file upload-v9.txt (compact mmCIF, C-alpha atoms)
# COMPACT_ATOMS: atom_id res chain seq x y z
CA MET A 1 0.00 0.00 0.00
CA ASN A 2 1.26 3.46 -0.89
CA LEU A 3 0.22 6.59 1.00
CA GLN A 4 0.23 9.66 -1.22
CA ALA A 5 0.13 13.02 0.59
CA ARG A 6 -2.48 15.41 -0.81
CA PRO A 7 -2.27 19.21 -1.00
CA LEU A 8 -4.25 19.61 2.25
CA ALA A 9 -2.12 19.06 5.35
CA GLY A 10 -2.71 15.63 6.86
CA ALA A 11 -4.83 14.23 3.99
CA TYR A 12 -3.69 11.14 2.05
CA LEU A 13 -4.78 8.82 -0.71
CA LEU A 14 -4.26 5.17 0.19
CA GLU A 15 -3.35 3.36 -3.01
CA PRO A 16 -3.24 -0.42 -2.94
CA VAL A 17 -0.38 -2.20 -4.68
CA PRO A 18 -1.94 -5.30 -6.23
CA ILE A 19 -0.14 -8.60 -6.51
CA VAL A 20 -1.64 -10.21 -9.60
CA ASP A 21 -1.56 -13.83 -10.71
CA HIS A 22 -3.78 -16.29 -12.59
CA ARG A 23 -6.30 -16.31 -9.69
CA GLY A 24 -6.84 -12.54 -9.63
CA LEU A 25 -5.21 -10.14 -7.22
CA PHE A 26 -4.40 -9.45 -3.60
CA CYS A 27 -3.61 -6.09 -2.03
CA ARG A 28 -3.39 -4.56 1.41
CA ALA A 29 -6.14 -2.03 2.16
CA TRP A 30 -5.03 -1.02 5.67
CA SER A 31 -1.71 -0.96 7.51
CA SER A 32 -1.64 0.26 11.12
CA ASP A 33 2.15 -0.02 11.09
CA LEU A 34 2.68 2.14 8.00
CA MET A 35 0.06 4.70 9.02
CA GLY A 36 1.37 4.83 12.58
CA GLU A 37 4.88 5.57 11.28
CA LEU A 38 3.42 8.69 9.63
CA GLY A 39 1.64 9.72 12.82
CA LEU A 40 -1.81 8.95 11.38
CA GLU A 41 -4.78 7.66 13.34
CA THR A 42 -5.00 3.87 13.24
CA ARG A 43 -7.97 3.31 15.56
CA ILE A 44 -11.21 2.23 13.86
CA VAL A 45 -14.39 2.41 15.94
CA HIS A 46 -17.12 2.18 13.29
CA SER A 47 -17.18 0.73 9.80
CA ASN A 48 -20.08 2.02 7.69
CA ILE A 49 -21.60 1.36 4.26
CA GLY A 50 -23.45 3.91 2.16
CA PHE A 51 -25.40 3.12 -1.01
CA SER A 52 -26.97 5.47 -3.55
CA HIS A 53 -29.25 4.39 -6.37
CA ARG A 54 -28.70 7.32 -8.70
CA ARG A 55 -25.76 9.02 -10.36
CA GLY A 56 -25.63 12.66 -9.24
CA THR A 57 -26.48 11.94 -5.58
CA LEU A 58 -24.60 14.14 -3.15
CA ARG A 59 -24.00 13.31 0.51
CA GLY A 60 -22.28 15.80 2.78
CA LEU A 61 -20.24 17.73 3.62
CA HIS A 62 -20.30 16.28 7.14
CA PHE A 63 -18.07 16.28 10.22
CA GLN A 64 -18.25 15.93 13.99
CA LYS A 65 -17.24 18.79 16.27
CA PRO A 66 -14.76 18.25 19.11
CA PRO A 67 -14.54 16.50 21.45
CA HIS A 68 -16.01 13.91 19.06
CA ALA A 69 -14.02 14.90 15.97
CA GLU A 70 -13.18 11.88 13.86
CA VAL A 71 -10.79 10.64 11.23
CA LYS A 72 -12.46 8.93 8.25
CA VAL A 73 -11.04 6.52 5.70
CA LEU A 74 -13.38 6.16 2.74
CA ARG A 75 -13.27 3.75 -0.21
CA CYS A 76 -15.71 3.19 -3.08
CA THR A 77 -16.62 -0.51 -3.27
CA ARG A 78 -19.09 -0.33 -6.19
CA GLY A 79 -19.41 2.30 -8.90
CA ALA A 80 -17.62 5.64 -8.57
CA VAL A 81 -17.68 8.80 -6.44
CA PHE A 82 -16.05 12.21 -6.46
CA ASP A 83 -15.01 12.57 -2.82
CA VAL A 84 -14.36 16.05 -1.42
CA ILE A 85 -12.69 17.15 1.78
CA ALA A 86 -12.54 20.72 3.08
CA ASP A 87 -10.09 21.92 5.73
CA LEU A 88 -11.96 23.61 8.60
CA ARG A 89 -8.94 24.00 10.88
CA SER A 90 -8.61 27.78 11.32
CA ASP A 91 -4.94 27.43 12.33
CA SER A 92 -4.04 25.41 9.21
CA ALA A 93 -2.11 26.75 6.21
CA THR A 94 -4.78 25.08 4.02
CA PHE A 95 -7.76 26.49 5.96
CA ARG A 96 -10.95 26.65 3.80
CA GLN A 97 -9.25 24.88 0.91
CA TRP A 98 -10.74 21.74 -0.58
CA PHE A 99 -9.47 18.69 -2.38
CA GLY A 100 -11.44 16.23 -4.51
CA ALA A 101 -10.56 12.79 -5.81
CA GLU A 102 -12.39 10.27 -7.96
CA LEU A 103 -12.63 6.98 -6.09
CA THR A 104 -13.77 3.90 -7.99
CA ALA A 105 -14.36 0.28 -7.17
CA ASP A 106 -11.80 -0.64 -9.84
CA SER A 107 -9.02 1.57 -8.45
CA ARG A 108 -9.59 0.47 -4.83
CA THR A 109 -8.03 3.78 -3.72
CA ALA A 110 -9.19 5.23 -0.40
CA ILE A 111 -8.95 8.72 1.08
CA TYR A 112 -7.71 9.46 4.60
CA VAL A 113 -9.66 12.41 6.04
CA PRO A 114 -8.03 14.01 9.12
CA ARG A 115 -9.89 15.47 12.09
CA GLY A 116 -11.05 19.01 11.44
CA PHE A 117 -12.15 18.33 7.86
CA ALA A 118 -15.65 18.20 6.38
CA GLN A 119 -16.17 15.36 3.90
CA GLY A 120 -18.78 14.52 1.28
CA TYR A 121 -19.16 12.76 -2.02
CA LEU A 122 -21.06 12.87 -5.31
CA THR A 123 -21.92 9.60 -7.04
CA LEU A 124 -20.62 9.35 -10.60
CA ALA A 125 -22.49 6.13 -11.43
CA ASP A 126 -25.83 4.52 -10.62
CA ASP A 127 -25.88 1.94 -7.81
CA THR A 128 -22.75 3.21 -6.08
CA GLU A 129 -21.59 1.94 -2.69
CA ILE A 130 -18.95 3.29 -0.35
CA CYS A 131 -17.40 1.85 2.79
CA TYR A 132 -15.83 4.09 5.39
CA HIS A 133 -14.21 3.69 8.76
CA THR A 134 -14.28 6.26 11.55
CA SER A 135 -12.03 6.75 14.55
CA HIS A 136 -14.86 7.90 16.82
CA ARG A 137 -18.42 6.71 17.35
CA TYR A 138 -21.26 8.77 15.91
CA GLU A 139 -22.38 11.49 18.32
CA LYS A 140 -25.61 13.16 17.16
CA ARG A 141 -25.01 16.31 19.25
CA SER A 142 -21.63 16.85 17.54
CA ALA A 143 -22.70 15.95 14.00
CA THR A 144 -22.92 18.92 11.67
CA GLY A 145 -21.89 20.02 8.21
CA VAL A 146 -21.15 22.69 5.66
CA ARG A 147 -23.14 23.22 2.49
CA TYR A 148 -21.82 21.58 -0.67
CA ASP A 149 -22.24 24.83 -2.64
CA ASP A 150 -21.04 27.25 0.04
CA PRO A 151 -19.10 30.09 -1.63
CA ALA A 152 -16.56 30.00 1.23
CA PHE A 153 -15.15 26.85 -0.39
CA GLY A 154 -16.04 27.16 -4.09
CA ILE A 155 -16.09 23.41 -4.72
CA ASP A 156 -16.08 22.48 -8.40
CA TRP A 157 -18.26 19.36 -8.63
CA PRO A 158 -17.61 17.40 -11.86
CA ILE A 159 -21.23 16.59 -12.79
CA ALA A 160 -24.71 17.96 -12.08
CA ILE A 161 -26.06 17.37 -8.59
CA ASP A 162 -29.53 15.83 -8.84
CA VAL A 163 -30.25 14.37 -5.39
CA VAL A 164 -29.40 16.06 -2.06
CA ALA A 165 -30.92 15.63 1.40
CA ALA A 166 -32.84 18.63 2.73
CA LYS A 167 -30.46 18.91 5.71
CA ASP A 168 -27.44 19.09 3.38
CA ARG A 169 -29.07 21.91 1.39
CA ALA A 170 -29.90 23.78 4.60
CA TRP A 171 -26.49 24.17 6.27
CA PRO A 172 -25.88 27.92 6.78
CA ASP A 173 -23.05 29.78 5.08
CA TYR A 174 -19.74 28.84 6.67
CA ALA A 175 -18.43 31.43 9.09
CA VAL A 176 -15.01 31.45 10.70
CA PRO A 177 -15.46 31.10 14.47
CA THR A 178 -14.70 34.11 16.59
CA GLU A 179 -12.33 33.91 19.54
CA THR A 180 -15.32 34.41 21.86
CA ALA A 181 -17.17 31.46 20.35
CA ARG A 182 -14.04 29.30 20.52
CA ALA A 183 -13.46 30.11 24.17
CA GLY A 184 -16.72 28.40 25.10
CA GLU A 185 -15.98 25.21 23.17
CA GLU A 186 -12.40 24.07 23.52
CA GLY A 187 -11.03 22.66 20.30
CA LEU A 188 -13.93 23.81 18.13
CA THR A 189 -12.63 24.62 14.67
CA CYS A 190 -15.77 25.73 12.94
call {"tool": "encode", "arguments": {"input": "upload-v9.txt", "output": "C-alpha cells"}}
result
Amino acid sequence: MNLQARPLAGAYLLEPVPIVDHRGLFCRAWSSDLMGELGLETRIVHSNIGFSHRRGTLRGLHFQKPPHAEVKVLRCTRGAVFDVIADLRSDSATFRQWFGAELTADSRTAIYVPRGFAQGYLTLADDTEICYHTSHRYEKRSATGVRYDDPAFGIDWPIAIDVVAAKDRAWPDYAVPTETARAGEEGLTC
C-alpha cells in the first residue's frame, strides 16, 4: 500500500499495490504499522456502508465537532464517487481549501480524512456503494456540516447534482469562528 500526501495538510490517498496472478489479485487495504509511522490515526471504531441508487447523488459535507471529531477513511466498493474534503482548521495553512478525488471500485483507492475536515461525495455512477471507517463513534449532538455549494469553499463538482438531502441543502453559510465562540468550546474549529 502506498500513502500519497495530498495538497491539504494531513490528507492522504491510500493506493493499494496489487499482486496479480492467474487467480486474480491481492492487495493490502489497511496498515496500522505504516500509518502509525506517519503519525496517522490507526484506531477504527465504526465501519459504515453507504449506497446510492442514482448518479448525481450528493452526501455531505459532514463532520463531527470536538470533542467527538473523527478521522475517516473512505473507499468506493461499487461504482464511482467524487469525494471532497474541506479543511476547517482555522490554524491550518490550508484552511478553507478543498481537495477532490475520484474513487472507484476498480481503483480500490481510499482517502484518509483528518480530524477538522468536512467530507462529502457525489456519485458518478448509478448503484454506487462506499465503505468508510471512523475513529470515533457517531455522536448526534456533535454531528454537523457545511453546504456543498457554500461560496466560502467554491467546490467544483464534476457533474450535475440531482439528489441532495434537505439537511445538506440547509447548512448555513460557513463562518469562521470568533475567539469568543471558541473560548466556550475548547477545540472547536468551525
call {"tool": "atom_distance", "arguments": {"input": "upload-v9.txt", "atom1": "CA of Ile130 (chain A)", "atom2": "CA of Gly56 (chain A)"}}
result
14.5 Å
call {"tool": "atom_distance", "arguments": {"input": "upload-v9.txt", "atom1": "CA of Ser135 (chain A)", "atom2": "CA of Val164 (chain A)"}}
result
25.8 Å
call {"tool": "residues_around", "arguments": {"input": "upload-v9.txt", "residues": "Gln4 (chain A)", "least_positions_apart": "6", "cutoff": "12 Å", "atoms": "all atoms listed in the file", "output": "MDAnalysis selection string"}}
result
chainID A and resid 10:16 35 38 109:112
call {"tool": "closest_residue", "arguments": {"input": "upload-v9.txt", "among": "A:Gly24, A:Pro151, A:Pro158, A:Pro66", "to": "Val84 (chain A)", "atoms": "only C-alpha atoms"}}
result
A:Pro158
call {"tool": "atom_distance", "arguments": {"input": "upload-v9.txt", "atom1": "CA of Tyr138 (chain A)", "atom2": "CA of Leu88 (chain A)"}}
result
19.0 Å
call {"tool": "closest_residue", "arguments": {"input": "upload-v9.txt", "among": "A:Thr123, A:Gln97, A:Thr104, A:Thr77", "to": "Val163 (chain A)", "atoms": "all atoms listed in the file"}}
result
A:Thr123
call {"tool": "residues_around", "arguments": {"input": "upload-v9.txt", "residues": "Leu8 (chain A)", "least_positions_apart": "3", "cutoff": "10 Å", "atoms": "all atoms listed in the file", "output": "JSON, numbers by chain"}}
result
{"A": [5, 11, 12, 85, 86, 87, 92, 93, 94, 95, 96, 97, 98, 99, 113, 114, 117]}
call {"tool": "residues_around", "arguments": {"input": "upload-v9.txt", "residues": "region 79-82 of chain A", "least_positions_apart": "4", "cutoff": "6 Å", "atoms": "only C-alpha atoms", "output": "PyMOL selection string"}}
result
chain A and resi 101-105+121-125+128
